[in-house]
Amino acid sequence: MKFTDEVVRIIKSIPKGNVMTYGQIAKLAGSPRGARQVVRVLHSMSKKHQLPWHRVINTKGEIGFKDEEMYAVQKLSLESEGIQVSSEGKINLTVYQFWPEC
């Protein structure tokens, strides 16, 4: 399966109330150093594939958006699924990180 297709499949599999990191998705999709490619897939294909883009965060467990509006949308989307997000935009990966059985 192509990397992009695998990334889409993995992102679609993230259940409500869980998150995955860009790097984690890249590694599971077969490209351990492909985190930036995951960002590209999310940016270009989220609407087309109705991806739960808000469930993908950076490796530090943080919301990566610098844009205030997008940051707020992601934070509110995560919180609406029961995920606690700190005032600094951090998510506890020990609690909320999803590890699919691929």
# chains A, B, ... in the order shown; residues from 1 in each chain; ligands from 1
>>> residues_around(residues="region 52-69 of chain A", least_positions_apart="5", cutoff="7 Å", atoms="only C-alpha atoms", output="NGL selection string")
:A and (11-12 or 18-23 or 42 or 46 or 74 or 77-78 or 89-93)
>>> write_last_selection(atoms="N, CA, C and O atoms", output="PDB file, in the first residue's frame")
ATOM      1  N   ILE A  11      -5.024   7.432  10.103  1.00  0.00           N
ATOM      2  CA  ILE A  11      -5.687   8.587  10.711  1.00  0.00           C
ATOM      3  C   ILE A  11      -7.177   8.308  10.895  1.00  0.00           C
ATOM      4  O   ILE A  11      -7.755   8.631  11.930  1.00  0.00           O
ATOM      5  N   LYS A  12      -7.795   7.672   9.906  1.00  0.00           N
ATOM      6  CA  LYS A  12      -9.219   7.332  10.017  1.00  0.00           C
ATOM      7  C   LYS A  12      -9.476   6.365  11.176  1.00  0.00           C
ATOM      8  O   LYS A  12     -10.578   6.322  11.708  1.00  0.00           O
ATOM      9  N   ASN A  18      -8.866   9.838  21.593  1.00  0.00           N
ATOM     10  CA  ASN A  18      -7.462   9.452  21.481  1.00  0.00           C
ATOM     11  C   ASN A  18      -6.750  10.345  20.476  1.00  0.00           C
ATOM     12  O   ASN A  18      -7.383  10.988  19.643  1.00  0.00           O
ATOM     13  N   VAL A  19      -5.422  10.344  20.563  1.00  0.00           N
ATOM     14  CA  VAL A  19      -4.587  11.090  19.623  1.00  0.00           C
ATOM     15  C   VAL A  19      -3.441  10.209  19.153  1.00  0.00           C
ATOM     16  O   VAL A  19      -3.133   9.189  19.772  1.00  0.00           O
ATOM     17  N   MET A  20      -2.841  10.617  18.052  1.00  0.00           N
ATOM     18  CA  MET A  20      -1.586  10.024  17.583  1.00  0.00           C
ATOM     19  C   MET A  20      -0.677  11.175  17.178  1.00  0.00           C
ATOM     20  O   MET A  20      -1.150  12.287  16.921  1.00  0.00           O
ATOM     21  N   THR A  21       0.622  10.905  17.093  1.00  0.00           N
ATOM     22  CA  THR A  21       1.563  11.938  16.670  1.00  0.00           C
ATOM     23  C   THR A  21       1.891  11.778  15.189  1.00  0.00           C
ATOM     24  O   THR A  21       1.765  10.691  14.621  1.00  0.00           O
ATOM     25  N   TYR A  22       2.345  12.879  14.585  1.00  0.00           N
ATOM     26  CA  TYR A  22       2.738  12.845  13.175  1.00  0.00           C
ATOM     27  C   TYR A  22       3.798  11.774  12.942  1.00  0.00           C
ATOM     28  O   TYR A  22       3.698  10.975  12.008  1.00  0.00           O
ATOM     29  N   GLY A  23       4.814  11.744  13.802  1.00  0.00           N
ATOM     30  CA  GLY A  23       5.902  10.786  13.657  1.00  0.00           C
ATOM     31  C   GLY A  23       5.453   9.346  13.847  1.00  0.00           C
ATOM     32  O   GLY A  23       5.919   8.438  13.157  1.00  0.00           O
ATOM     33  N   LEU A  42      -2.387  15.475   5.746  1.00  0.00           N
ATOM     34  CA  LEU A  42      -3.475  16.072   6.524  1.00  0.00           C
ATOM     35  C   LEU A  42      -3.951  17.375   5.884  1.00  0.00           C
ATOM     36  O   LEU A  42      -5.146  17.621   5.762  1.00  0.00           O
ATOM     37  N   SER A  46      -7.615  16.197   4.267  1.00  0.00           N
ATOM     38  CA  SER A  46      -8.542  16.098   5.403  1.00  0.00           C
ATOM     39  C   SER A  46     -10.004  16.220   4.983  1.00  0.00           C
ATOM     40  O   SER A  46     -10.844  15.434   5.401  1.00  0.00           O
ATOM     41  N   GLN A  74      -8.809  23.112  17.119  1.00  0.00           N
ATOM     42  CA  GLN A  74      -8.280  21.800  17.484  1.00  0.00           C
ATOM     43  C   GLN A  74      -8.459  21.538  18.977  1.00  0.00           C
ATOM     44  O   GLN A  74      -8.887  20.456  19.376  1.00  0.00           O
ATOM     45  N   SER A  77     -12.091  20.811  19.696  1.00  0.00           N
ATOM     46  CA  SER A  77     -12.470  19.512  19.128  1.00  0.00           C
ATOM     47  C   SER A  77     -11.984  18.375  20.014  1.00  0.00           C
ATOM     48  O   SER A  77     -12.720  17.418  20.276  1.00  0.00           O
ATOM     49  N   LEU A  78     -10.750  18.480  20.498  1.00  0.00           N
ATOM     50  CA  LEU A  78     -10.203  17.447  21.379  1.00  0.00           C
ATOM     51  C   LEU A  78     -10.959  17.417  22.705  1.00  0.00           C
ATOM     52  O   LEU A  78     -11.341  16.353  23.197  1.00  0.00           O
ATOM     53  N   GLY A  89      -1.617  23.951  25.718  1.00  0.00           N
ATOM     54  CA  GLY A  89      -1.904  23.152  24.532  1.00  0.00           C
ATOM     55  C   GLY A  89      -1.295  21.765  24.545  1.00  0.00           C
ATOM     56  O   GLY A  89      -1.128  21.137  23.513  1.00  0.00           O
ATOM     57  N   LYS A  90      -0.969  21.252  25.734  1.00  0.00           N
ATOM     58  CA  LYS A  90      -0.366  19.926  25.853  1.00  0.00           C
ATOM     59  C   LYS A  90      -1.410  18.867  26.187  1.00  0.00           C
ATOM     60  O   LYS A  90      -2.337  19.120  26.940  1.00  0.00           O
ATOM     61  N   ILE A  91      -1.166  17.686  25.611  1.00  0.00           N
ATOM     62  CA  ILE A  91      -2.027  16.526  25.846  1.00  0.00           C
ATOM     63  C   ILE A  91      -1.150  15.443  26.461  1.00  0.00           C
ATOM     64  O   ILE A  91      -0.026  15.209  25.989  1.00  0.00           O
ATOM     65  N   ASN A  92      -1.632  14.773  27.477  1.00  0.00           N
ATOM     66  CA  ASN A  92      -0.873  13.709  28.129  1.00  0.00           C
ATOM     67  C   ASN A  92      -0.890  12.467  27.233  1.00  0.00           C
ATOM     68  O   ASN A  92      -1.904  11.770  27.152  1.00  0.00           O
ATOM     69  N   LEU A  93       0.243  12.186  26.582  1.00  0.00           N
ATOM     70  CA  LEU A  93       0.311  11.054  25.658  1.00  0.00           C
ATOM     71  C   LEU A  93       0.164   9.719  26.376  1.00  0.00           C
ATOM     72  O   LEU A  93      -0.358   8.762  25.809  1.00  0.00           O
TER      73      LEU A  93
END
>>> select_by_dssp(residues="chain A", states="alpha helix (DSSP H)", output="PyMOL selection string")
chain A and resi 3-12+22-28+35-49+68-80+93-96
>>> write_last_selection(atoms="C-alpha atoms", output="PDB file, in the first residue's frame")
ATOM      1  CA  PHE A   3       2.446   5.678   2.013  1.00  0.00           C
ATOM      2  CA  THR A   4      -0.298   8.287   1.506  1.00  0.00           C
ATOM      3  CA  ASP A   5      -3.051   5.655   1.474  1.00  0.00           C
ATOM      4  CA  GLU A   6      -1.643   4.083   4.624  1.00  0.00           C
ATOM      5  CA  VAL A   7      -1.484   7.475   6.378  1.00  0.00           C
ATOM      6  CA  VAL A   8      -5.136   8.119   5.496  1.00  0.00           C
ATOM      7  CA  ARG A   9      -6.125   4.651   6.755  1.00  0.00           C
ATOM      8  CA  ILE A  10      -4.253   5.115  10.058  1.00  0.00           C
ATOM      9  CA  ILE A  11      -5.687   8.587  10.711  1.00  0.00           C
ATOM     10  CA  LYS A  12      -9.219   7.332  10.017  1.00  0.00           C
ATOM     11  CA  TYR A  22       2.738  12.845  13.175  1.00  0.00           C
ATOM     12  CA  GLY A  23       5.902  10.786  13.657  1.00  0.00           C
ATOM     13  CA  GLN A  24       4.028   7.788  15.041  1.00  0.00           C
ATOM     14  CA  ILE A  25       1.741   7.750  11.996  1.00  0.00           C
ATOM     15  CA  ALA A  26       4.696   8.109   9.617  1.00  0.00           C
ATOM     16  CA  LYS A  27       6.522   5.199  11.244  1.00  0.00           C
ATOM     17  CA  LEU A  28       3.450   2.947  11.153  1.00  0.00           C
ATOM     18  CA  ALA A  35       6.345  13.229   9.869  1.00  0.00           C
ATOM     19  CA  ARG A  36       6.345  16.239   7.528  1.00  0.00           C
ATOM     20  CA  GLN A  37       4.735  14.101   4.832  1.00  0.00           C
ATOM     21  CA  VAL A  38       1.957  13.262   7.300  1.00  0.00           C
ATOM     22  CA  VAL A  39       1.434  17.008   7.783  1.00  0.00           C
ATOM     23  CA  ARG A  40       1.171  17.370   3.994  1.00  0.00           C
ATOM     24  CA  VAL A  41      -1.380  14.536   3.750  1.00  0.00           C
ATOM     25  CA  LEU A  42      -3.475  16.072   6.524  1.00  0.00           C
ATOM     26  CA  HIS A  43      -3.335  19.497   4.911  1.00  0.00           C
ATOM     27  CA  SER A  44      -4.261  18.300   1.425  1.00  0.00           C
ATOM     28  CA  MET A  45      -6.666  15.435   2.145  1.00  0.00           C
ATOM     29  CA  SER A  46      -8.542  16.098   5.403  1.00  0.00           C
ATOM     30  CA  LYS A  47     -11.701  17.404   3.747  1.00  0.00           C
ATOM     31  CA  LYS A  48     -11.689  14.926   0.866  1.00  0.00           C
ATOM     32  CA  HIS A  49     -11.389  11.921   3.187  1.00  0.00           C
ATOM     33  CA  GLU A  68      -4.861  31.170  16.953  1.00  0.00           C
ATOM     34  CA  GLU A  69      -8.096  30.208  15.230  1.00  0.00           C
ATOM     35  CA  MET A  70      -6.919  26.749  14.122  1.00  0.00           C
ATOM     36  CA  TYR A  71      -5.332  26.173  17.535  1.00  0.00           C
ATOM     37  CA  ALA A  72      -8.673  26.973  19.211  1.00  0.00           C
ATOM     38  CA  VAL A  73     -10.616  24.726  16.804  1.00  0.00           C
ATOM     39  CA  GLN A  74      -8.280  21.800  17.484  1.00  0.00           C
ATOM     40  CA  LYS A  75      -8.300  22.366  21.252  1.00  0.00           C
ATOM     41  CA  LEU A  76     -12.104  22.566  21.399  1.00  0.00           C
ATOM     42  CA  SER A  77     -12.470  19.512  19.128  1.00  0.00           C
ATOM     43  CA  LEU A  78     -10.203  17.447  21.379  1.00  0.00           C
ATOM     44  CA  GLU A  79     -11.907  18.660  24.551  1.00  0.00           C
ATOM     45  CA  SER A  80     -15.325  17.813  23.101  1.00  0.00           C
ATOM     46  CA  LEU A  93       0.311  11.054  25.658  1.00  0.00           C
ATOM     47  CA  THR A  94       0.472   8.398  28.377  1.00  0.00           C
ATOM     48  CA  VAL A  95      -3.278   8.773  28.829  1.00  0.00           C
ATOM     49  CA  TYR A  96      -4.562   9.601  25.344  1.00  0.00           C
TER      50      TYR A  96
END
>>> closest_residue(among="A:Lys2, A:Glu88, A:Ile83, A:Glu101", to="Ser31 (chain A)", atoms="only C-alpha atoms")
A:Lys2
>>> select_by_dssp(residues="chain A", states="strand (DSSP E)", output="NGL selection string")
:A and (20-21 or 56-57)
>>> write_last_selection(atoms="all heavy atoms", output="PDB file, in the first residue's frame")
ATOM      1  N   MET A  20      -2.841  10.617  18.052  1.00  0.00           N
ATOM      2  CA  MET A  20      -1.586  10.024  17.583  1.00  0.00           C
ATOM      3  C   MET A  20      -0.677  11.175  17.178  1.00  0.00           C
ATOM      4  O   MET A  20      -1.150  12.287  16.921  1.00  0.00           O
ATOM      5  CB  MET A  20      -1.825   9.086  16.387  1.00  0.00           C
ATOM      6  CG  MET A  20      -2.557   7.808  16.753  1.00  0.00           C
ATOM      7  SD  MET A  20      -2.807   6.692  15.334  1.00  0.00           S
ATOM      8  CE  MET A  20      -1.140   5.997  15.187  1.00  0.00           C
ATOM      9  N   THR A  21       0.622  10.905  17.093  1.00  0.00           N
ATOM     10  CA  THR A  21       1.563  11.938  16.670  1.00  0.00           C
ATOM     11  C   THR A  21       1.891  11.778  15.189  1.00  0.00           C
ATOM     12  O   THR A  21       1.765  10.691  14.621  1.00  0.00           O
ATOM     13  CB  THR A  21       2.871  11.889  17.486  1.00  0.00           C
ATOM     14  OG1 THR A  21       3.581  10.698  17.155  1.00  0.00           O
ATOM     15  CG2 THR A  21       2.604  11.954  18.986  1.00  0.00           C
ATOM     16  N   VAL A  56      -4.463  14.483  15.556  1.00  0.00           N
ATOM     17  CA  VAL A  56      -3.040  14.319  15.254  1.00  0.00           C
ATOM     18  C   VAL A  56      -2.290  15.515  15.833  1.00  0.00           C
ATOM     19  O   VAL A  56      -2.608  16.666  15.537  1.00  0.00           O
ATOM     20  CB  VAL A  56      -2.801  14.196  13.733  1.00  0.00           C
ATOM     21  CG1 VAL A  56      -1.328  13.940  13.454  1.00  0.00           C
ATOM     22  CG2 VAL A  56      -3.665  13.077  13.140  1.00  0.00           C
ATOM     23  N   ILE A  57      -1.288  15.211  16.677  1.00  0.00           N
ATOM     24  CA  ILE A  57      -0.535  16.252  17.379  1.00  0.00           C
ATOM     25  C   ILE A  57       0.963  16.000  17.223  1.00  0.00           C
ATOM     26  O   ILE A  57       1.368  14.967  16.679  1.00  0.00           O
ATOM     27  CB  ILE A  57      -0.927  16.306  18.874  1.00  0.00           C
ATOM     28  CG1 ILE A  57      -0.666  14.952  19.546  1.00  0.00           C
ATOM     29  CG2 ILE A  57      -2.395  16.713  19.019  1.00  0.00           C
ATOM     30  CD1 ILE A  57      -0.919  14.938  21.044  1.00  0.00           C
TER      31      ILE A  57
END
